[in-house]
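Note: the block below is coords04.pdb and it holds PDB, C-alpha atoms, pLDDT in the B column.
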ATOM      1  CA  MET A   1    -117.071  77.127 -52.750  1.00 84.00           C
ATOM      2  CA  ARG A   2    -115.712  80.429 -51.492  1.00 92.00           C
ATOM      3  CA  LYS A   3    -114.190  80.712 -48.033  1.00 95.00           C
ATOM      4  CA  ILE A   4    -116.047  82.755 -45.446  1.00 97.00           C
ATOM      5  CA  ILE A   5    -115.695  83.989 -41.872  1.00 97.00           C
ATOM      6  CA  ILE A   6    -118.074  82.440 -39.346  1.00 98.00           C
ATOM      7  CA  ALA A   7    -118.529  84.568 -36.209  1.00 98.00           C
ATOM      8  CA  ILE A   8    -120.188  82.895 -33.218  1.00 97.00           C
ATOM      9  CA  ASP A   9    -121.076  85.164 -30.303  1.00 97.00           C
ATOM     10  CA  GLY A  10    -123.167  84.663 -27.208  1.00 96.00           C
ATOM     11  CA  TYR A  11    -123.328  84.203 -23.471  1.00 95.00           C
ATOM     12  CA  SER A  12    -121.067  81.959 -21.395  1.00 91.00           C
ATOM     13  CA  ALA A  13    -121.893  78.244 -21.291  1.00 93.00           C
ATOM     14  CA  CYS A  14    -124.167  78.236 -24.336  1.00 93.00           C
ATOM     15  CA  GLY A  15    -121.940  75.771 -26.153  1.00 91.00           C
ATOM     16  CA  LYS A  16    -120.132  78.307 -28.343  1.00 93.00           C
ATOM     17  CA  SER A  17    -116.670  76.783 -28.196  1.00 90.00           C
ATOM     18  CA  SER A  18    -117.768  73.155 -28.473  1.00 92.00           C
ATOM     19  CA  THR A  19    -119.993  74.011 -31.430  1.00 96.00           C
ATOM     20  CA  ALA A  20    -117.407  76.238 -33.110  1.00 95.00           C
ATOM     21  CA  LYS A  21    -114.716  73.545 -32.884  1.00 92.00           C
ATOM     22  CA  ARG A  22    -116.939  70.962 -34.552  1.00 94.00           C
ATOM     23  CA  VAL A  23    -118.186  73.370 -37.211  1.00 96.00           C
ATOM     24  CA  ALA A  24    -114.577  74.206 -38.075  1.00 93.00           C
ATOM     25  CA  ALA A  25    -113.684  70.516 -38.268  1.00 91.00           C
ATOM     26  CA  ALA A  26    -116.697  69.760 -40.470  1.00 94.00           C
ATOM     27  CA  LEU A  27    -115.780  72.531 -42.908  1.00 94.00           C
ATOM     28  CA  ASN A  28    -112.011  71.988 -42.639  1.00 91.00           C
ATOM     29  CA  TYR A  29    -111.718  75.575 -41.360  1.00 93.00           C
ATOM     30  CA  ALA A  30    -109.343  77.035 -38.791  1.00 90.00           C
ATOM     31  CA  TYR A  31    -110.806  77.509 -35.307  1.00 91.00           C
ATOM     32  CA  VAL A  32    -109.907  80.419 -33.029  1.00 91.00           C
ATOM     33  CA  ASP A  33    -111.061  80.329 -29.396  1.00 90.00           C
ATOM     34  CA  THR A  34    -111.019  84.001 -28.450  1.00 93.00           C
ATOM     35  CA  GLY A  35    -112.199  83.184 -24.934  1.00 91.00           C
ATOM     36  CA  ALA A  36    -109.012  81.184 -24.472  1.00 93.00           C
ATOM     37  CA  MET A  37    -107.034  84.251 -25.524  1.00 96.00           C
ATOM     38  CA  TYR A  38    -108.608  86.421 -22.806  1.00 96.00           C
ATOM     39  CA  ARG A  39    -108.176  83.602 -20.296  1.00 96.00           C
ATOM     40  CA  SER A  40    -104.496  83.397 -21.229  1.00 97.00           C
ATOM     41  CA  VAL A  41    -104.064  87.118 -20.645  1.00 98.00           C
ATOM     42  CA  THR A  42    -105.767  86.651 -17.282  1.00 98.00           C
ATOM     43  CA  VAL A  43    -103.315  83.874 -16.363  1.00 98.00           C
ATOM     44  CA  TYR A  44    -100.383  86.099 -17.276  1.00 98.00           C
ATOM     45  CA  PHE A  45    -101.763  89.043 -15.289  1.00 98.00           C
ATOM     46  CA  ILE A  46    -102.338  86.890 -12.207  1.00 97.00           C
ATOM     47  CA  ASP A  47     -98.969  85.130 -12.412  1.00 97.00           C
ATOM     48  CA  HIS A  48     -97.147  88.449 -12.807  1.00 97.00           C
ATOM     49  CA  TYR A  49     -99.220  90.401 -10.257  1.00 97.00           C
ATOM     50  CA  ILE A  50    -100.340  92.988 -12.802  1.00 97.00           C
ATOM     51  CA  ASP A  51    -102.368  95.843 -11.334  1.00 97.00           C
ATOM     52  CA  LEU A  52    -105.472  96.080 -13.538  1.00 96.00           C
ATOM     53  CA  THR A  53    -105.959  99.728 -12.561  1.00 95.00           C
ATOM     54  CA  ASN A  54    -102.481 100.703 -13.785  1.00 97.00           C
ATOM     55  CA  PRO A  55    -102.586 101.387 -17.551  1.00 96.00           C
ATOM     56  CA  LYS A  56     -98.779 101.394 -17.885  1.00 97.00           C
ATOM     57  CA  SER A  57     -98.443  97.992 -16.192  1.00 97.00           C
ATOM     58  CA  VAL A  58    -101.224  96.540 -18.359  1.00 98.00           C
ATOM     59  CA  SER A  59     -99.703  97.924 -21.562  1.00 97.00           C
ATOM     60  CA  LYS A  60     -96.219  96.663 -20.696  1.00 97.00           C
ATOM     61  CA  ALA A  61     -97.603  93.210 -19.874  1.00 98.00           C
ATOM     62  CA  LEU A  62     -99.504  93.000 -23.158  1.00 97.00           C
ATOM     63  CA  ASP A  63     -96.257  93.663 -25.043  1.00 96.00           C
ATOM     64  CA  ASN A  64     -94.879  90.472 -23.471  1.00 96.00           C
ATOM     65  CA  ILE A  65     -97.834  88.224 -24.299  1.00 96.00           C
ATOM     66  CA  GLU A  66     -97.860  85.920 -27.311  1.00 93.00           C
ATOM     67  CA  ILE A  67    -100.790  83.523 -27.741  1.00 93.00           C
ATOM     68  CA  SER A  68    -100.970  80.679 -30.228  1.00 89.00           C
ATOM     69  CA  PHE A  69    -103.012  77.557 -30.872  1.00 87.00           C
ATOM     70  CA  HIS A  70    -101.576  74.147 -31.700  1.00 83.00           C
ATOM     71  CA  HIS A  71    -103.291  70.928 -32.711  1.00 76.00           C
ATOM     72  CA  ASN A  72    -102.579  67.978 -30.403  1.00 79.00           C
ATOM     73  CA  GLU A  73    -102.310  64.923 -32.637  1.00 78.00           C
ATOM     74  CA  SER A  74    -102.856  62.457 -29.776  1.00 80.00           C
ATOM     75  CA  THR A  75    -106.056  64.053 -28.460  1.00 78.00           C
ATOM     76  CA  GLY A  76    -107.289  65.603 -31.686  1.00 73.00           C
ATOM     77  CA  GLN A  77    -107.856  68.886 -29.831  1.00 78.00           C
ATOM     78  CA  ASN A  78    -106.560  72.413 -30.281  1.00 81.00           C
ATOM     79  CA  GLU A  79    -104.559  73.616 -27.279  1.00 90.00           C
ATOM     80  CA  THR A  80    -103.702  77.129 -26.131  1.00 93.00           C
ATOM     81  CA  PHE A  81    -100.101  78.238 -25.664  1.00 95.00           C
ATOM     82  CA  LEU A  82     -99.014  81.331 -23.745  1.00 96.00           C
ATOM     83  CA  ASN A  83     -95.479  82.440 -24.565  1.00 96.00           C
ATOM     84  CA  GLY A  84     -94.648  78.922 -25.701  1.00 95.00           C
ATOM     85  CA  LEU A  85     -96.169  77.127 -22.696  1.00 97.00           C
ATOM     86  CA  ASN A  86     -99.277  74.948 -22.876  1.00 96.00           C
ATOM     87  CA  VAL A  87    -101.891  76.594 -20.623  1.00 97.00           C
ATOM     88  CA  GLU A  88    -104.958  74.768 -21.927  1.00 94.00           C
ATOM     89  CA  GLU A  89    -105.721  73.149 -18.578  1.00 93.00           C
ATOM     90  CA  LYS A  90    -104.777  76.136 -16.461  1.00 95.00           C
ATOM     91  CA  ILE A  91    -107.027  78.611 -18.281  1.00 96.00           C
ATOM     92  CA  ARG A  92    -110.128  76.475 -17.620  1.00 93.00           C
ATOM     93  CA  HIS A  93    -109.884  76.647 -13.820  1.00 92.00           C
ATOM     94  CA  MET A  94    -112.629  78.386 -11.865  1.00 90.00           C
ATOM     95  CA  ASP A  95    -110.270  81.042 -10.466  1.00 93.00           C
ATOM     96  CA  ILE A  96    -109.581  82.195 -14.020  1.00 95.00           C
ATOM     97  CA  SER A  97    -113.308  82.163 -14.813  1.00 91.00           C
ATOM     98  CA  GLN A  98    -113.845  84.444 -11.816  1.00 92.00           C
ATOM     99  CA  LYS A  99    -111.402  87.034 -13.171  1.00 95.00           C
ATOM    100  CA  VAL A 100    -111.512  86.828 -16.975  1.00 94.00           C
ATOM    101  CA  SER A 101    -114.487  89.141 -17.591  1.00 92.00           C
ATOM    102  CA  GLU A 102    -112.839  91.888 -15.539  1.00 94.00           C
ATOM    103  CA  VAL A 103    -109.630  91.532 -17.542  1.00 96.00           C
ATOM    104  CA  ALA A 104    -111.490  91.341 -20.858  1.00 93.00           C
ATOM    105  CA  ALA A 105    -113.309  94.594 -20.075  1.00 92.00           C
ATOM    106  CA  ILE A 106    -110.041  96.568 -20.148  1.00 95.00           C
ATOM    107  CA  LYS A 107    -109.841  98.611 -23.351  1.00 94.00           C
ATOM    108  CA  ALA A 108    -106.134  97.996 -23.984  1.00 97.00           C
ATOM    109  CA  VAL A 109    -106.606  94.241 -23.566  1.00 97.00           C
ATOM    110  CA  ARG A 110    -109.492  94.113 -26.014  1.00 94.00           C
ATOM    111  CA  GLN A 111    -107.661  96.243 -28.558  1.00 94.00           C
ATOM    112  CA  ALA A 112    -104.604  93.989 -28.391  1.00 95.00           C
ATOM    113  CA  MET A 113    -106.632  90.783 -28.726  1.00 95.00           C
ATOM    114  CA  VAL A 114    -108.868  92.135 -31.509  1.00 94.00           C
ATOM    115  CA  LYS A 115    -105.768  93.053 -33.490  1.00 93.00           C
ATOM    116  CA  GLN A 116    -104.446  89.493 -33.148  1.00 91.00           C
ATOM    117  CA  GLN A 117    -107.843  87.993 -34.001  1.00 94.00           C
ATOM    118  CA  GLN A 118    -108.232  90.090 -37.153  1.00 94.00           C
ATOM    119  CA  LYS A 119    -104.792  88.980 -38.271  1.00 91.00           C
ATOM    120  CA  MET A 120    -105.755  85.323 -37.711  1.00 89.00           C
ATOM    121  CA  GLY A 121    -108.907  85.658 -39.817  1.00 91.00           C
ATOM    122  CA  ARG A 122    -107.487  87.752 -42.644  1.00 89.00           C
ATOM    123  CA  SER A 123    -107.380  84.837 -45.101  1.00 89.00           C
ATOM    124  CA  LYS A 124    -110.931  83.724 -44.185  1.00 94.00           C
ATOM    125  CA  GLY A 125    -111.828  80.045 -43.865  1.00 94.00           C
ATOM    126  CA  VAL A 126    -112.094  80.542 -40.102  1.00 95.00           C
ATOM    127  CA  VAL A 127    -114.595  79.934 -37.302  1.00 96.00           C
ATOM    128  CA  MET A 128    -114.179  82.305 -34.367  1.00 96.00           C
ATOM    129  CA  ASP A 129    -116.254  82.435 -31.182  1.00 95.00           C
ATOM    130  CA  GLY A 130    -116.435  85.042 -28.452  1.00 93.00           C
ATOM    131  CA  ARG A 131    -118.463  88.065 -27.348  1.00 93.00           C
ATOM    132  CA  ASP A 132    -117.728  90.690 -29.999  1.00 94.00           C
ATOM    133  CA  ILE A 133    -116.690  88.748 -33.111  1.00 96.00           C
ATOM    134  CA  GLY A 134    -119.635  89.739 -35.291  1.00 96.00           C
ATOM    135  CA  SER A 135    -119.977  93.231 -33.855  1.00 96.00           C
ATOM    136  CA  VAL A 136    -116.348  94.404 -33.591  1.00 95.00           C
ATOM    137  CA  VAL A 137    -113.719  91.914 -34.766  1.00 96.00           C
ATOM    138  CA  PHE A 138    -115.389  90.921 -38.047  1.00 96.00           C
ATOM    139  CA  PRO A 139    -118.491  93.065 -38.660  1.00 96.00           C
ATOM    140  CA  GLU A 140    -118.162  92.013 -42.324  1.00 96.00           C
ATOM    141  CA  ALA A 141    -118.377  88.272 -41.481  1.00 97.00           C
ATOM    142  CA  GLU A 142    -120.483  86.383 -44.006  1.00 97.00           C
ATOM    143  CA  LEU A 143    -122.199  84.343 -41.274  1.00 98.00           C
ATOM    144  CA  LYS A 144    -122.901  85.646 -37.788  1.00 98.00           C
ATOM    145  CA  ILE A 145    -124.395  83.402 -35.121  1.00 98.00           C
ATOM    146  CA  PHE A 146    -125.677  84.584 -31.737  1.00 98.00           C
ATOM    147  CA  MET A 147    -126.071  81.751 -29.221  1.00 97.00           C
ATOM    148  CA  ASN A 148    -128.193  81.810 -26.101  1.00 96.00           C
ATOM    149  CA  ALA A 149    -129.763  79.341 -23.671  1.00 97.00           C
ATOM    150  CA  ASP A 150    -131.843  79.217 -20.497  1.00 97.00           C
ATOM    151  CA  PHE A 151    -129.775  80.462 -17.534  1.00 98.00           C
ATOM    152  CA  ASP A 152    -130.266  77.348 -15.389  1.00 97.00           C
ATOM    153  CA  VAL A 153    -129.319  75.111 -18.316  1.00 97.00           C
ATOM    154  CA  ARG A 154    -126.176  77.155 -18.860  1.00 97.00           C
ATOM    155  CA  ALA A 155    -125.223  76.804 -15.196  1.00 97.00           C
ATOM    156  CA  GLU A 156    -125.736  73.043 -15.210  1.00 96.00           C
ATOM    157  CA  ARG A 157    -123.661  72.703 -18.383  1.00 95.00           C
ATOM    158  CA  ARG A 158    -120.814  74.740 -16.901  1.00 94.00           C
ATOM    159  CA  GLN A 159    -120.883  72.732 -13.676  1.00 95.00           C
ATOM    160  CA  LYS A 160    -120.671  69.486 -15.674  1.00 94.00           C
ATOM    161  CA  GLU A 161    -117.846  70.919 -17.779  1.00 90.00           C
ATOM    162  CA  LEU A 162    -115.903  71.704 -14.607  1.00 92.00           C
ATOM    163  CA  PHE A 163    -116.703  68.276 -13.134  1.00 93.00           C
ATOM    164  CA  ASP A 164    -115.354  66.617 -16.264  1.00 92.00           C
ATOM    165  CA  LYS A 165    -112.097  68.457 -15.560  1.00 87.00           C
ATOM    166  CA  ASP A 166    -112.094  67.137 -11.969  1.00 90.00           C
ATOM    167  CA  GLN A 167    -113.238  70.461 -10.526  1.00 91.00           C
ATOM    168  CA  LEU A 168    -116.084  70.114  -8.012  1.00 93.00           C
ATOM    169  CA  VAL A 169    -117.911  73.450  -7.861  1.00 94.00           C
ATOM    170  CA  ASP A 170    -121.234  74.101  -6.143  1.00 96.00           C
ATOM    171  CA  LEU A 171    -124.042  74.967  -8.583  1.00 96.00           C
ATOM    172  CA  GLU A 172    -124.833  78.223  -6.779  1.00 97.00           C
ATOM    173  CA  ASP A 173    -121.204  79.310  -7.111  1.00 95.00           C
ATOM    174  CA  VAL A 174    -121.389  78.560 -10.843  1.00 95.00           C
ATOM    175  CA  LYS A 175    -124.581  80.626 -11.127  1.00 97.00           C
ATOM    176  CA  ASP A 176    -123.011  83.536  -9.232  1.00 96.00           C
ATOM    177  CA  ASN A 177    -120.044  83.437 -11.611  1.00 94.00           C
ATOM    178  CA  LEU A 178    -122.298  83.412 -14.685  1.00 96.00           C
ATOM    179  CA  ARG A 179    -124.403  86.309 -13.376  1.00 96.00           C
ATOM    180  CA  LYS A 180    -121.265  88.354 -12.742  1.00 94.00           C
ATOM    181  CA  ARG A 181    -119.841  87.551 -16.182  1.00 92.00           C
ATOM    182  CA  ASP A 182    -123.134  88.322 -17.926  1.00 95.00           C
ATOM    183  CA  LYS A 183    -123.337  91.723 -16.259  1.00 95.00           C
ATOM    184  CA  ILE A 184    -119.754  92.660 -17.096  1.00 92.00           C
ATOM    185  CA  ASP A 185    -119.987  91.308 -20.654  1.00 92.00           C
ATOM    186  CA  THR A 186    -123.185  93.205 -21.488  1.00 95.00           C
ATOM    187  CA  THR A 187    -122.478  96.492 -19.713  1.00 94.00           C
ATOM    188  CA  ARG A 188    -118.762  97.086 -20.298  1.00 91.00           C
ATOM    189  CA  GLU A 189    -117.889 100.218 -22.252  1.00 90.00           C
ATOM    190  CA  GLU A 190    -115.476  98.506 -24.653  1.00 88.00           C
ATOM    191  CA  SER A 191    -117.044  95.994 -27.086  1.00 90.00           C
ATOM    192  CA  PRO A 192    -120.028  94.855 -24.976  1.00 93.00           C
ATOM    193  CA  LEU A 193    -121.837  91.624 -25.770  1.00 95.00           C
ATOM    194  CA  ILE A 194    -124.660  92.495 -28.166  1.00 96.00           C
ATOM    195  CA  LYS A 195    -126.661  90.614 -30.771  1.00 96.00           C
ATOM    196  CA  PRO A 196    -125.700  91.984 -34.211  1.00 95.00           C
ATOM    197  CA  GLU A 197    -128.765  92.863 -36.281  1.00 93.00           C
ATOM    198  CA  ASP A 198    -127.677  90.620 -39.142  1.00 96.00           C
ATOM    199  CA  SER A 199    -126.935  87.588 -36.955  1.00 97.00           C
ATOM    200  CA  VAL A 200    -128.876  84.332 -36.757  1.00 97.00           C
ATOM    201  CA  GLU A 201    -129.976  83.588 -33.192  1.00 97.00           C
ATOM    202  CA  VAL A 202    -129.596  79.979 -32.046  1.00 97.00           C
ATOM    203  CA  ASP A 203    -131.226  79.011 -28.734  1.00 97.00           C
ATOM    204  CA  THR A 204    -129.425  75.885 -27.544  1.00 96.00           C
ATOM    205  CA  THR A 205    -131.600  75.203 -24.475  1.00 97.00           C
ATOM    206  CA  HIS A 206    -133.203  72.118 -25.997  1.00 96.00           C
ATOM    207  CA  MET A 207    -130.606  71.295 -28.630  1.00 95.00           C
ATOM    208  CA  PHE A 208    -128.018  68.528 -28.603  1.00 94.00           C
ATOM    209  CA  LEU A 209    -124.502  69.517 -29.639  1.00 94.00           C
ATOM    210  CA  GLU A 210    -124.840  67.601 -32.913  1.00 96.00           C
ATOM    211  CA  GLU A 211    -127.997  69.571 -33.754  1.00 96.00           C
ATOM    212  CA  GLN A 212    -126.247  72.879 -33.129  1.00 96.00           C
ATOM    213  CA  VAL A 213    -123.341  71.884 -35.329  1.00 97.00           C
ATOM    214  CA  ASP A 214    -125.520  70.578 -38.181  1.00 97.00           C
ATOM    215  CA  HIS A 215    -127.670  73.722 -38.140  1.00 97.00           C
ATOM    216  CA  ILE A 216    -124.685  76.084 -38.384  1.00 98.00           C
ATOM    217  CA  VAL A 217    -122.895  73.942 -40.991  1.00 98.00           C
ATOM    218  CA  GLN A 218    -126.041  74.094 -43.153  1.00 97.00           C
ATOM    219  CA  LEU A 219    -126.212  77.871 -42.800  1.00 97.00           C
ATOM    220  CA  ALA A 220    -122.511  78.172 -43.614  1.00 97.00           C
ATOM    221  CA  THR A 221    -122.754  75.916 -46.654  1.00 96.00           C
ATOM    222  CA  SER A 222    -125.583  78.045 -47.985  1.00 95.00           C
ATOM    223  CA  ARG A 223    -123.533  81.247 -47.563  1.00 94.00           C
ATOM    224  CA  MET A 224    -120.457  79.625 -49.099  1.00 94.00           C
ATOM    225  CA  THR A 225    -122.437  78.445 -52.122  1.00 91.00           C
ATOM    226  CA  ASN A 226    -124.886  81.280 -52.704  1.00 82.00           C
ATOM    227  CA  GLY A 227    -122.971  84.259 -51.416  1.00 65.00           C
TER     228      GLY A 227
END
Exercise: express the given structure as structure tokens:
Amino acid sequence: MRKIIIAIDGYSACGKSSTAKRVAAALNYAYVDTGAMYRSVTVYFIDHYIDLTNPKSVSKALDNIEISFHHNESTGQNETFLNGLNVEEKIRHMDISQKVSEVAAIKAVRQAMVKQQQKMGRSKGVVMDGRDIGSVVFPEAELKIFMNADFDVRAERRQKELFDKDQLVDLEDVKDNLRKRDKIDTTREESPLIKPEDSVEVDTTHMFLEEQVDHIVQLATSRMTNG
């Protein structure tokens, strides 16, 4: 079967990353977590006190950022490295979630990350999730998925995700964060979150993770076999 690019876009807390990871594993494909890339940039900007309104400071900082993914043999998970340091745990904190959409809306940041993402997917055989994968990064992707879910379900999932990482966050605070991110993601000038016309919409409100994975693997297998 031929190798393809699988682009999974959608709103926060719809299960994109969890689904994408398992789809990649099932197909023996590479997985690229683009959200982790923007979170890593956010960590760097915060740690180095980068003024987001200063284009020169942003551009200079981006020149010093190198992001990579490494497989952890003991946990079986992919982990994110920023300039050689493992930041997988750090990028998942709520303070980063509060800031990442603002950072990701900056044109220079998106251009830099898109360039890296396109390089990663050049050989195909990749599953990539984010906000603009099917619309901007890989508009030629053979399979485009757009994930969505009921807002309250998304908030509860995100709260549980944070709890599992020993972060106790009030549900209303989680909802406020999601509302803010949704607004920025869908209204930003550079690469806004949209549903590509040729994408398959998957509503995960009433779906278990295994169902989401099986559905997308079936769609991918069909595209890989039939073209």
Check: When distances are computed from only C-alpha atoms, which of A:Leu178, A:Asn86, A:Asn226, A:Asn78 shows the smallest separation from Ser18 of chain A?
Finding: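 Closest to Ser18 of chain A, using only C-alpha atoms: A:Asn78.
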Note to self: Selection in question (the file shown): the PyMOL selection byres ((chain A and resi 119-129) around 10). Which residues does it include, as a PyMOL selection string?
What the structure shows: chain A and resi 2-10+16-25+27-36+113-118+130-134+137-138+141-146
Notebook entry, point to check: Pick from A:Ser222, A:Pro196, A:Asp150, A:Val103: nearest to Thr53 of chain A, with all atoms listed in the file counted?
Noted result: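 So, comparing all the options, the nearest one is A:Val103.
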Next item on the list: Report as an NGL selection string the residues that result from applying the PyMOL selection byres ((chain A and resi 202) around 7) to the structure here.
Entry: :A and (145-148 or 200-201 or 203-204)
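Among A:Leu219, A:Ala105, A:Ile91, A:Ile67, the residue with the shortest atom-to-atom distance to Ile184 of chain A, counting only C-alpha atoms, is A:Ala105.
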Next item on the list: Could you tell me which of A:Thr42, A:Ile65, A:Glu89, A:Ala26 comes closest to Asp164 of chain A if we count only C-alpha atoms?
Entry: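 Of the candidates, the smallest distance to Asp164 of chain A is held by A:Glu89.
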Next item on the list: Find the distance between atom CA of Met207 of chain A and atom CA of Gln159 of chain A and write it in Å to one decimal.
Entry: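 Separating atom CA of Met207 of chain A from atom CA of Gln159 of chain A is a distance of 17.9 Å.
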Once 5 Å is added on each side, what centre and edge lengths in Å to one decimal does the axis-aligned box around all listed atoms of segment 175-192 of chain A have, as lines of an AutoDock Vina configuration file?
center_x = -120.0
center_y = 90.4
center_z = -18.2
size_x = 19.1
size_y = 29.6
size_z = 27.9
Next item on the list: Between atom CA of Ala13 of chain A and atom CA of Phe151 of chain A, measure the distance and give it in Å to one decimal.
Entry: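 Pair atom CA of Ala13 of chain A / atom CA of Phe151 of chain A returns 9.0 Å.
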Fill-in result for segment 95-112 of chain A, N, CA and C atoms as a PDB file, keeping the file's coordinate frame:
ATOM      1  N   ASP A  95    -110.836  79.768 -10.896  1.00 93.00           N
ATOM      2  CA  ASP A  95    -110.270  81.042 -10.466  1.00 93.00           C
ATOM      3  C   ASP A  95    -110.022  81.969 -11.652  1.00 93.00           C
ATOM      4  N   ILE A  96    -109.736  81.387 -12.812  1.00 95.00           N
ATOM      5  CA  ILE A  96    -109.581  82.195 -14.020  1.00 95.00           C
ATOM      6  C   ILE A  96    -110.944  82.671 -14.515  1.00 95.00           C
ATOM      7  N   SER A  97    -111.938  81.790 -14.422  1.00 91.00           N
ATOM      8  CA  SER A  97    -113.308  82.163 -14.813  1.00 91.00           C
ATOM      9  C   SER A  97    -113.821  83.332 -13.974  1.00 91.00           C
ATOM     10  N   GLN A  98    -113.396  83.377 -12.711  1.00 92.00           N
ATOM     11  CA  GLN A  98    -113.845  84.444 -11.816  1.00 92.00           C
ATOM     12  C   GLN A  98    -113.264  85.805 -12.212  1.00 92.00           C
ATOM     13  N   LYS A  99    -112.135  85.789 -12.906  1.00 95.00           N
ATOM     14  CA  LYS A  99    -111.402  87.034 -13.171  1.00 95.00           C
ATOM     15  C   LYS A  99    -111.437  87.481 -14.638  1.00 95.00           C
ATOM     16  N   VAL A 100    -111.721  86.543 -15.550  1.00 94.00           N
ATOM     17  CA  VAL A 100    -111.512  86.828 -16.975  1.00 94.00           C
ATOM     18  C   VAL A 100    -112.378  87.964 -17.508  1.00 94.00           C
ATOM     19  N   SER A 101    -113.631  88.070 -17.073  1.00 92.00           N
ATOM     20  CA  SER A 101    -114.487  89.141 -17.591  1.00 92.00           C
ATOM     21  C   SER A 101    -113.973  90.517 -17.203  1.00 92.00           C
ATOM     22  N   GLU A 102    -113.411  90.615 -16.000  1.00 94.00           N
ATOM     23  CA  GLU A 102    -112.839  91.888 -15.539  1.00 94.00           C
ATOM     24  C   GLU A 102    -111.627  92.271 -16.389  1.00 94.00           C
ATOM     25  N   VAL A 103    -110.800  91.287 -16.697  1.00 96.00           N
ATOM     26  CA  VAL A 103    -109.630  91.532 -17.542  1.00 96.00           C
ATOM     27  C   VAL A 103    -110.059  91.880 -18.968  1.00 96.00           C
ATOM     28  N   ALA A 104    -111.032  91.141 -19.483  1.00 93.00           N
ATOM     29  CA  ALA A 104    -111.490  91.341 -20.858  1.00 93.00           C
ATOM     30  C   ALA A 104    -112.203  92.673 -21.059  1.00 93.00           C
ATOM     31  N   ALA A 105    -112.619  93.303 -19.969  1.00 92.00           N
ATOM     32  CA  ALA A 105    -113.309  94.594 -20.075  1.00 92.00           C
ATOM     33  C   ALA A 105    -112.341  95.762 -20.241  1.00 92.00           C
ATOM     34  N   ILE A 106    -111.056  95.504 -20.036  1.00 95.00           N
ATOM     35  CA  ILE A 106    -110.041  96.568 -20.148  1.00 95.00           C
ATOM     36  C   ILE A 106    -109.821  96.905 -21.619  1.00 95.00           C
ATOM     37  N   LYS A 107    -109.921  98.166 -21.962  1.00 94.00           N
ATOM     38  CA  LYS A 107    -109.841  98.611 -23.351  1.00 94.00           C
ATOM     39  C   LYS A 107    -108.554  98.167 -24.040  1.00 94.00           C
ATOM     40  N   ALA A 108    -107.426  98.352 -23.380  1.00 97.00           N
ATOM     41  CA  ALA A 108    -106.134  97.996 -23.984  1.00 97.00           C
ATOM     42  C   ALA A 108    -106.046  96.499 -24.265  1.00 97.00           C
ATOM     43  N   VAL A 109    -106.611  95.700 -23.384  1.00 97.00           N
ATOM     44  CA  VAL A 109    -106.606  94.241 -23.566  1.00 97.00           C
ATOM     45  C   VAL A 109    -107.433  93.863 -24.789  1.00 97.00           C
ATOM     46  N   ARG A 110    -108.626  94.439 -24.883  1.00 94.00           N
ATOM     47  CA  ARG A 110    -109.492  94.113 -26.014  1.00 94.00           C
ATOM     48  C   ARG A 110    -108.873  94.570 -27.335  1.00 94.00           C
ATOM     49  N   GLN A 111    -108.285  95.739 -27.336  1.00 94.00           N
ATOM     50  CA  GLN A 111    -107.661  96.243 -28.558  1.00 94.00           C
ATOM     51  C   GLN A 111    -106.528  95.326 -29.011  1.00 94.00           C
ATOM     52  N   ALA A 112    -105.731  94.867 -28.062  1.00 95.00           N
ATOM     53  CA  ALA A 112    -104.604  93.989 -28.391  1.00 95.00           C
ATOM     54  C   ALA A 112    -105.089  92.651 -28.931  1.00 95.00           C
TER      55      ALA A 112
END
